[in-house]
$ cat entry-v8.pdb   # PDB, C-alpha atoms
ATOM      1  CA  GLU U   1      50.454 -50.496  74.885
ATOM      2  CA  ALA U   2      50.704 -47.664  72.328
ATOM      3  CA  VAL U   3      52.853 -49.873  70.120
ATOM      4  CA  MET U   4      50.353 -52.764  70.386
ATOM      5  CA  ARG U   5      47.434 -50.383  69.654
ATOM      6  CA  LYS U   6      49.217 -49.085  66.526
ATOM      7  CA  LYS U   7      49.755 -52.582  65.230
ATOM      8  CA  LYS U   8      46.126 -53.613  65.900
ATOM      9  CA  ASN U   9      44.630 -50.466  64.240
ATOM     10  CA  PRO U  10      44.818 -50.954  60.471
ATOM     11  CA  ALA U  11      43.327 -47.496  59.837
ATOM     12  CA  SER U  12      46.522 -45.865  61.088
ATOM     13  CA  ALA U  13      48.544 -47.408  58.194
ATOM     14  CA  PRO U  14      49.234 -45.012  55.298
ATOM     15  CA  ALA U  15      46.947 -45.434  52.324
ATOM     16  CA  THR U  16      48.542 -46.672  49.149
ATOM     17  CA  ASN U  17      47.533 -45.621  45.655
ATOM     18  CA  SER U  18      46.268 -48.754  43.977
ATOM     19  CA  THR U  19      45.450 -47.031  40.617
ATOM     20  CA  PRO U  20      47.608 -48.663  37.903
ATOM     21  CA  THR U  21      49.808 -46.299  35.929
ATOM     22  CA  PRO U  22      48.995 -46.230  32.230
ATOM     23  CA  ALA U  23      51.560 -47.841  29.959
ATOM     24  CA  LYS U  24      53.569 -45.510  27.781
ATOM     25  CA  SER U  25      52.362 -45.562  24.215
ATOM     26  CA  THR U  26      55.024 -46.315  21.638
ATOM     27  CA  PRO U  27      55.248 -43.721  18.837
ATOM     28  CA  LYS U  28      53.900 -44.884  15.517
ATOM     29  CA  PRO U  29      56.361 -45.030  12.645
ATOM     30  CA  PRO U  30      55.866 -42.382   9.946
ATOM     31  CA  PRO U  31      53.679 -43.459   7.049
ATOM     32  CA  GLN U  32      55.360 -44.885   3.968
ATOM     33  CA  PRO U  33      55.630 -42.134   1.310
ATOM     34  CA  TYR U  34      54.471 -42.976  -2.204
ATOM     35  CA  LEU U  35      55.014 -41.358  -5.586
ATOM     36  CA  PHE U  36      51.683 -40.877  -7.360
ATOM     37  CA  GLY U  37      50.212 -43.061  -4.614
ATOM     38  CA  VAL U  38      51.714 -46.205  -6.198
ATOM     39  CA  ILE U  39      55.531 -46.238  -6.128
ATOM     40  CA  PRO U  40      57.033 -46.439  -2.610
ATOM     41  CA  THR U  41      59.873 -43.977  -1.969
ATOM     42  CA  ALA U  42      62.416 -43.489   0.795
ATOM     43  CA  ARG U  43      61.469 -39.819   1.234
ATOM     44  CA  GLU U  44      58.380 -37.794   0.493
ATOM     45  CA  PHE U  45      58.292 -36.545  -3.091
ATOM     46  CA  ALA U  46      57.354 -32.873  -3.454
ATOM     47  CA  PHE U  47      56.451 -31.561  -6.894
ATOM     48  CA  GLY U  48      57.311 -28.022  -5.834
ATOM     49  CA  GLU U  49      60.842 -29.020  -4.855
ATOM     50  CA  CYS U  50      61.236 -31.024  -8.051
ATOM     51  CA  GLY U  51      60.071 -28.006 -10.058
ATOM     52  CA  ARG U  52      62.581 -25.742  -8.330
ATOM     53  CA  ASN U  53      65.360 -28.191  -9.196
ATOM     54  CA  PHE U  54      64.173 -28.237 -12.807
ATOM     55  CA  LEU U  55      64.034 -24.441 -13.077
ATOM     56  CA  PHE U  56      67.447 -24.042 -11.453
ATOM     57  CA  GLY U  57      69.039 -26.530 -13.843
ATOM     58  CA  ALA U  58      67.301 -25.036 -16.876
ATOM     59  CA  SER U  59      68.288 -21.443 -16.036
ATOM     60  CA  VAL U  60      71.914 -22.200 -15.135
ATOM     61  CA  GLY U  61      72.303 -24.652 -18.007
ATOM     62  CA  GLY U  62      70.729 -22.257 -20.502
ATOM     63  CA  ILE U  63      72.956 -19.335 -19.536
ATOM     64  CA  THR U  64      76.064 -21.520 -19.478
ATOM     65  CA  GLY U  65      75.135 -23.131 -22.794
ATOM     66  CA  CYS U  66      74.695 -19.745 -24.464
ATOM     67  CA  THR U  67      78.128 -18.713 -23.209
ATOM     68  CA  PHE U  68      79.757 -21.911 -24.435
ATOM     69  CA  GLY U  69      77.908 -21.622 -27.753
ATOM     70  CA  PHE U  70      79.108 -18.067 -28.251
ATOM     71  CA  MET U  71      82.741 -19.028 -27.589
ATOM     72  CA  ASP U  72      82.473 -22.071 -29.829
ATOM     73  CA  GLY U  73      80.877 -20.032 -32.618
ATOM     74  CA  MET U  74      83.593 -17.385 -32.424
ATOM     75  CA  ARG U  75      86.257 -20.076 -32.627
ATOM     76  CA  GLN U  76      84.625 -21.667 -35.677
ATOM     77  CA  VAL U  77      84.285 -18.321 -37.438
ATOM     78  CA  GLN U  78      87.970 -17.590 -36.902
ATOM     79  CA  GLU U  79      89.165 -21.060 -37.973
ATOM     80  CA  SER U  80      86.869 -21.763 -40.940
ATOM     81  CA  ALA U  81      87.871 -20.222 -44.260
ATOM     82  CA  HIS U  82      84.279 -20.463 -45.506
ATOM     83  CA  LEU U  83      82.867 -18.606 -42.494
ATOM     84  CA  LYS U  84      85.536 -15.934 -42.751
ATOM     85  CA  SER U  85      84.310 -15.092 -46.243
ATOM     86  CA  LEU U  86      80.777 -14.372 -45.019
ATOM     87  CA  SER U  87      79.500 -10.915 -44.225
ATOM     88  CA  ASN U  88      79.482  -9.635 -40.657
ATOM     89  CA  SER U  89      75.684 -10.024 -40.411
ATOM     90  CA  ALA U  90      75.917 -13.639 -41.609
ATOM     91  CA  LYS U  91      78.673 -14.324 -39.102
ATOM     92  CA  GLY U  92      76.583 -12.818 -36.319
ATOM     93  CA  SER U  93      73.546 -14.845 -37.366
ATOM     94  CA  TYR U  94      75.618 -18.025 -37.333
ATOM     95  CA  ILE U  95      77.003 -17.275 -33.862
ATOM     96  CA  MET U  96      73.558 -16.384 -32.438
ATOM     97  CA  ARG U  97      72.028 -19.542 -33.890
ATOM     98  CA  GLY U  98      74.771 -21.561 -32.241
ATOM     99  CA  CYS U  99      74.130 -19.772 -28.931
ATOM    100  CA  GLY U 100      70.428 -20.650 -29.086
ATOM    101  CA  ASN U 101      70.959 -24.288 -29.990
ATOM    102  CA  THR U 102      73.657 -24.804 -27.360
ATOM    103  CA  GLY U 103      71.636 -22.923 -24.741
ATOM    104  CA  MET U 104      68.566 -25.122 -25.255
ATOM    105  CA  ALA U 105      70.677 -28.286 -25.268
ATOM    106  CA  PHE U 106      72.357 -27.336 -22.006
ATOM    107  CA  ALA U 107      69.066 -26.239 -20.431
ATOM    108  CA  ALA U 108      67.642 -29.721 -21.088
ATOM    109  CA  PHE U 109      70.928 -31.364 -20.045
ATOM    110  CA  PHE U 110      71.374 -29.601 -16.692
ATOM    111  CA  SER U 111      67.691 -29.596 -15.740
ATOM    112  CA  GLY U 112      67.639 -33.352 -16.363
ATOM    113  CA  PHE U 113      70.748 -33.722 -14.221
ATOM    114  CA  HIS U 114      69.111 -32.011 -11.238
ATOM    115  CA  VAL U 115      65.748 -33.755 -11.666
ATOM    116  CA  VAL U 116      67.423 -37.185 -11.739
ATOM    117  CA  LYS U 117      69.404 -36.226  -8.644
ATOM    118  CA  TYR U 118      66.173 -35.302  -6.855
ATOM    119  CA  PHE U 119      64.513 -38.573  -7.892
ATOM    120  CA  ALA U 120      67.521 -40.539  -6.619
ATOM    121  CA  ARG U 121      67.405 -38.680  -3.305
ATOM    122  CA  THR U 122      63.693 -39.221  -2.719
ATOM    123  CA  ALA U 123      63.291 -42.706  -4.182
ATOM    124  CA  PHE U 124      66.428 -44.406  -2.856
ATOM    125  CA  ASP U 125      67.801 -41.947  -0.253
ATOM    126  CA  THR U 126      71.213 -42.201  -1.893
ATOM    127  CA  SER U 127      74.290 -40.252  -0.852
ATOM    128  CA  ASP U 128      75.569 -37.208  -2.724
ATOM    129  CA  VAL U 129      78.008 -39.385  -4.657
ATOM    130  CA  GLY U 130      75.211 -41.716  -5.730
ATOM    131  CA  GLN U 131      72.993 -38.808  -6.771
ATOM    132  CA  ILE U 132      75.778 -37.212  -8.814
ATOM    133  CA  THR U 133      76.649 -40.552 -10.428
ATOM    134  CA  LEU U 134      73.076 -41.313 -11.493
ATOM    135  CA  GLY U 135      72.424 -37.739 -12.607
ATOM    136  CA  SER U 136      75.658 -37.580 -14.606
ATOM    137  CA  ALA U 137      75.006 -40.900 -16.330
ATOM    138  CA  ALA U 138      71.489 -39.883 -17.369
ATOM    139  CA  ALA U 139      72.345 -36.308 -18.394
ATOM    140  CA  LEU U 140      75.574 -37.073 -20.255
ATOM    141  CA  GLY U 141      73.956 -40.072 -21.920
ATOM    142  CA  GLY U 142      71.107 -37.902 -23.163
ATOM    143  CA  LEU U 143      73.485 -35.194 -24.373
ATOM    144  CA  GLY U 144      75.712 -37.659 -26.206
ATOM    145  CA  TYR U 145      72.784 -39.516 -27.781
ATOM    146  CA  PHE U 146      72.559 -36.868 -30.501
ATOM    147  CA  ARG U 147      75.563 -36.791 -32.783
ATOM    148  CA  GLU U 148      75.563 -33.008 -33.192
ATOM    149  CA  ASN U 149      75.733 -32.536 -29.416
ATOM    150  CA  ARG U 150      78.630 -34.884 -28.728
ATOM    151  CA  ARG U 151      81.095 -32.044 -29.162
ATOM    152  CA  LEU U 152      79.451 -30.452 -26.105
ATOM    153  CA  LEU U 153      80.253 -33.354 -23.781
ATOM    154  CA  PRO U 154      83.473 -31.730 -22.406
ATOM    155  CA  TYR U 155      81.443 -28.623 -21.530
ATOM    156  CA  GLY U 156      78.845 -30.812 -19.847
ATOM    157  CA  VAL U 157      81.465 -32.594 -17.762
ATOM    158  CA  MET U 158      82.897 -29.196 -16.787
ATOM    159  CA  LEU U 159      79.475 -27.920 -15.687
ATOM    160  CA  ILE U 160      78.797 -31.023 -13.581
ATOM    161  CA  ALA U 161      82.265 -30.731 -12.010
ATOM    162  CA  MET U 162      81.611 -27.101 -11.013
ATOM    163  CA  ASP U 163      78.207 -28.005  -9.541
ATOM    164  CA  THR U 164      79.748 -30.909  -7.604
ATOM    165  CA  PHE U 165      82.515 -28.710  -6.239
ATOM    166  CA  ASN U 166      79.959 -26.126  -5.108
ATOM    167  CA  LEU U 167      77.858 -28.832  -3.405
ATOM    168  CA  LEU U 168      80.793 -30.373  -1.537
ATOM    169  CA  TRP U 169      82.175 -26.972  -0.538
ATOM    170  CA  ARG U 170      78.792 -25.866   0.841
ATOM    171  CA  GLU U 171      78.335 -29.099   2.812
ATOM    172  CA  ASP U 172      81.874 -28.823   4.180
ATOM    173  CA  GLY U 173      81.090 -25.327   5.442
ATOM    174  CA  ASP U 174      77.818 -26.507   6.995
ATOM    175  CA  ALA U 175      79.652 -29.339   8.756
ATOM    176  CA  LYS U 176      82.119 -26.868  10.257
ATOM    177  CA  GLY U 177      79.280 -24.585  11.335
ATOM    178  CA  LEU U 178      80.392 -21.632   9.227
ATOM    179  CA  ARG U 179      77.822 -19.075   8.213
ATOM    180  CA  PRO U 180      78.112 -17.217   4.895
ATOM    181  CA  ASP U 181      79.178 -14.047   6.759
ATOM    182  CA  GLY U 182      82.124 -15.844   8.354
ATOM    183  CA  THR U 183      80.653 -16.309  11.839
ATOM    184  CA  VAL U 184      80.523 -19.659  13.585
ATOM    185  CA  ALA U 185      77.073 -21.139  14.109
ATOM    186  CA  GLY U 186      76.368 -21.986  17.739
ATOM    187  CA  ASP U 187      79.082 -19.700  19.094
ATOM    188  CA  SER U 188      77.694 -17.590  21.934
ATOM    189  CA  LYS U 189      80.040 -14.747  21.037
ATOM    190  CA  ASP U 190      79.410 -15.087  17.289
ATOM    191  CA  THR U 191      83.121 -15.047  16.688
ATOM    192  CA  LYS U 192      83.980 -13.807  13.234
ATOM    193  CA  TYR U 193      87.172 -14.790  11.555
ATOM    194  CA  VAL U 194      88.694 -11.708   9.977
ATOM    195  CA  THR U 195      91.705 -11.048   7.857
ATOM    196  CA  SER U 196      94.335  -8.405   8.352
ATOM    197  CA  ASP U 197      92.412  -6.048   6.068
ATOM    198  CA  ASP U 198      89.198  -6.297   8.087
ATOM    199  CA  GLU U 199      88.468  -3.891  10.879
ATOM    200  CA  ILE U 200      88.434  -5.576  14.280
TER
END

$ encode --input "entry-v8.pdb" --output "structure tokens"
Amino acid sequence: EAVMRKKKNPASAPATNSTPTPAKSTPKPPPQPYLFGVIPTAREFAFGECGRNFLFGASVGGITGCTFGFMDGMRQVQESAHLKSLSNSAKGSYIMRGCGNTGMAFAAFFSGFHVVKYFARTAFDTSDVGQITLGSAAALGGLGYFRENRRLLPYGVMLIAMDTFNLLWREDGDAKGLRPDGTVAGDSKDTKYVTSDDEI
């Protein structure tokens, strides 16, 4: 009788929650970035980051250009019979003028290289090789456009090669998880690789 009473009494059945569960909302894709609000880009363009790339290229290129100009001026003074006959003040003026001209040329050259690299990264999301290729073509083409600067092309190639080596070396260290102090990122013990001269 108890079993029959339980079956006949619908109130004894457990109540079920009939409230429908809300559907999960799909995340919206990020908005399309634009340059100047007109040109679509693969990444967001930041004028501050572009300015830092410009200043870095101008400072490094200017210092390197002055150094190359000084060495080139010293070589010309030693090899040219006409320059050897000048006074020491005239020789110094010639060398300093060459340092200034080469420094400004390399400041424009290397700042353009880094700005073009940044544009390639934001506009097309290219790889490092693509950025270096586009930046090198634009910068070396601009440097070689002027006849008096074509003698500086080997120095320009050397500067780009050093910058590329530094970029690839830094990314290789980041991929291995190495910090600048020699410790391994993510290691709970912060293991540091030491040489025989370091104190353990």

$ closest_residue --input "entry-v8.pdb" --among "U:Cys66, U:Ile132, U:Met71, U:Val77" --to "His114 (chain U)" --atoms "all atoms listed in the file"
U:Ile132

$ closest_atom_pairs --input "entry-v8.pdb" --of "region 58-139 of chain U" --to "region 148-151 of chain U" --cutoff "10 Å" --atoms "all atoms listed in the file" --output "tab-separated table"
residue	atom	partner	partner_atom	distance
U:Asn101	CA	U:Asn149	CA	9.5
U:Thr102	CA	U:Asn149	CA	8.3
U:Ala105	CA	U:Asn149	CA	7.8
U:Phe106	CA	U:Asn149	CA	9.7

$ closest_residue --input "entry-v8.pdb" --among "U:Arg147, U:Cys50, U:Ala161, U:Ser136" --to "Phe109 (chain U)" --atoms "all atoms listed in the file"
U:Ser136

$ atom_distance --input "entry-v8.pdb" --atom1 "CA of Leu168 (chain U)" --atom2 "CA of Ala58 (chain U)"
21.1 Å

$ resolve_selection --input "entry-v8.pdb" --expression "the PyMOL selection byres ((chain U and resi 52-54) around 12)" --output "number ranges by chain"
U: 46-51, 55-62, 107-119

$ resolve_selection --input "entry-v8.pdb" --expression "the PyMOL selection byres ((chain U and resi 99) around 9)" --output "PyMOL selection string"
chain U and resi 65-73+94-98+100-104

$ atom_distance --input "entry-v8.pdb" --atom1 "CA of Ala81 (chain U)" --atom2 "CA of Pro154 (chain U)"
25.1 Å

$ atom_distance --input "entry-v8.pdb" --atom1 "CA of Leu140 (chain U)" --atom2 "CA of Glu44 (chain U)"
27.0 Å

$ decode --input "entry-v8.pdb" --residues "region 72-88 of chain U" --atoms "all heavy atoms" --output "compact mmCIF listing (two decimals), in the first residue's frame"
# COMPACT_ATOMS: atom_id res chain seq x y z
N ASP U 72 87.28 56.90 -42.07
CA ASP U 72 87.42 57.13 -43.50
C ASP U 72 88.19 58.42 -43.77
O ASP U 72 89.01 58.49 -44.71
CB ASP U 72 86.03 57.20 -44.14
CG ASP U 72 86.09 57.12 -45.65
OD1 ASP U 72 86.67 56.15 -46.17
OD2 ASP U 72 85.54 58.02 -46.31
N GLY U 73 87.94 59.46 -42.97
CA GLY U 73 88.68 60.71 -43.14
C GLY U 73 90.16 60.55 -42.83
O GLY U 73 91.01 61.10 -43.54
N MET U 74 90.49 59.81 -41.78
CA MET U 74 91.89 59.55 -41.47
C MET U 74 92.57 58.78 -42.60
O MET U 74 93.73 59.07 -42.96
CB MET U 74 91.98 58.78 -40.17
CG MET U 74 91.60 59.56 -38.93
SD MET U 74 92.79 60.86 -38.54
CE MET U 74 94.22 59.89 -38.12
N ARG U 75 91.87 57.82 -43.17
CA ARG U 75 92.47 57.06 -44.27
C ARG U 75 92.72 57.95 -45.48
O ARG U 75 93.78 57.86 -46.13
CB ARG U 75 91.53 55.91 -44.64
CG ARG U 75 92.04 55.03 -45.77
CD ARG U 75 91.01 53.96 -46.14
NE ARG U 75 89.73 54.55 -46.51
CZ ARG U 75 89.48 55.05 -47.73
NH1 ARG U 75 90.43 55.04 -48.67
NH2 ARG U 75 88.30 55.56 -48.00
N GLN U 76 91.77 58.83 -45.79
CA GLN U 76 91.94 59.71 -46.94
C GLN U 76 93.07 60.71 -46.73
O GLN U 76 93.82 61.03 -47.66
CB GLN U 76 90.63 60.45 -47.22
CG GLN U 76 89.51 59.56 -47.74
CD GLN U 76 88.24 60.34 -48.00
OE1 GLN U 76 88.23 61.57 -47.95
NE2 GLN U 76 87.15 59.64 -48.28
N VAL U 77 93.20 61.21 -45.50
CA VAL U 77 94.28 62.15 -45.21
C VAL U 77 95.65 61.48 -45.36
O VAL U 77 96.61 62.09 -45.85
CB VAL U 77 94.11 62.74 -43.79
CG1 VAL U 77 95.36 63.46 -43.33
CG2 VAL U 77 92.91 63.68 -43.76
N GLN U 78 95.74 60.22 -44.97
CA GLN U 78 97.02 59.52 -45.07
C GLN U 78 97.35 59.10 -46.50
O GLN U 78 98.53 59.01 -46.87
CB GLN U 78 96.99 58.28 -44.17
CG GLN U 78 96.94 58.61 -42.69
CD GLN U 78 96.80 57.38 -41.83
OE1 GLN U 78 96.70 56.26 -42.34
NE2 GLN U 78 96.78 57.58 -40.52
N GLU U 79 96.32 58.86 -47.34
CA GLU U 79 96.57 58.37 -48.69
C GLU U 79 96.65 59.47 -49.73
O GLU U 79 97.27 59.27 -50.77
CB GLU U 79 95.47 57.38 -49.09
CG GLU U 79 95.45 56.10 -48.28
CD GLU U 79 94.32 55.17 -48.67
OE1 GLU U 79 93.49 55.60 -49.52
OE2 GLU U 79 94.26 54.04 -48.16
N SER U 80 96.02 60.62 -49.48
CA SER U 80 95.99 61.69 -50.47
C SER U 80 97.21 62.60 -50.30
O SER U 80 97.47 63.11 -49.20
CB SER U 80 94.70 62.50 -50.33
OG SER U 80 94.71 63.61 -51.20
N ALA U 81 97.92 62.82 -51.39
CA ALA U 81 99.09 63.71 -51.34
C ALA U 81 98.65 65.15 -51.13
O ALA U 81 99.36 65.93 -50.47
CB ALA U 81 99.89 63.58 -52.63
N HIS U 82 97.50 65.53 -51.70
CA HIS U 82 97.01 66.90 -51.52
C HIS U 82 96.64 67.16 -50.06
O HIS U 82 96.97 68.23 -49.51
CB HIS U 82 95.81 67.13 -52.43
CG HIS U 82 95.13 68.43 -52.18
ND1 HIS U 82 95.69 69.66 -52.50
CD2 HIS U 82 93.90 68.71 -51.63
CE1 HIS U 82 94.87 70.63 -52.16
NE2 HIS U 82 93.78 70.09 -51.63
N LEU U 83 95.94 66.21 -49.43
CA LEU U 83 95.54 66.41 -48.04
C LEU U 83 96.73 66.37 -47.09
O LEU U 83 96.71 67.03 -46.05
CB LEU U 83 94.53 65.33 -47.63
CG LEU U 83 93.17 65.37 -48.35
CD1 LEU U 83 92.30 64.19 -47.94
CD2 LEU U 83 92.46 66.69 -48.06
N LYS U 84 97.75 65.63 -47.45
CA LYS U 84 98.95 65.59 -46.59
C LYS U 84 99.63 66.95 -46.53
O LYS U 84 100.27 67.29 -45.53
CB LYS U 84 99.92 64.54 -47.11
CG LYS U 84 99.54 63.11 -46.80
CD LYS U 84 100.62 62.16 -47.31
CE LYS U 84 100.25 60.71 -47.00
NZ LYS U 84 101.29 59.77 -47.50
N SER U 85 99.51 67.72 -47.62
CA SER U 85 100.18 69.02 -47.67
C SER U 85 99.44 70.10 -46.87
O SER U 85 99.97 71.19 -46.70
CB SER U 85 100.34 69.47 -49.12
OG SER U 85 99.06 69.65 -49.73
N LEU U 86 98.23 69.82 -46.43
CA LEU U 86 97.47 70.81 -45.68
C LEU U 86 97.99 70.92 -44.26
O LEU U 86 98.70 70.06 -43.75
CB LEU U 86 95.99 70.42 -45.67
CG LEU U 86 95.27 70.35 -47.01
CD1 LEU U 86 93.83 69.89 -46.82
CD2 LEU U 86 95.31 71.69 -47.74
N SER U 87 97.61 72.02 -43.62
CA SER U 87 97.99 72.21 -42.22
C SER U 87 97.18 71.27 -41.33
O SER U 87 96.17 70.68 -41.75
CB SER U 87 97.75 73.66 -41.80
OG SER U 87 96.36 73.99 -41.90
N ASN U 88 97.63 71.13 -40.09
CA ASN U 88 96.94 70.23 -39.16
C ASN U 88 95.51 70.69 -38.88
O ASN U 88 94.60 69.87 -38.75
CB ASN U 88 97.72 70.13 -37.86
CG ASN U 88 99.04 69.40 -38.04
OD1 ASN U 88 99.19 68.57 -38.94
ND2 ASN U 88 100.01 69.73 -37.19
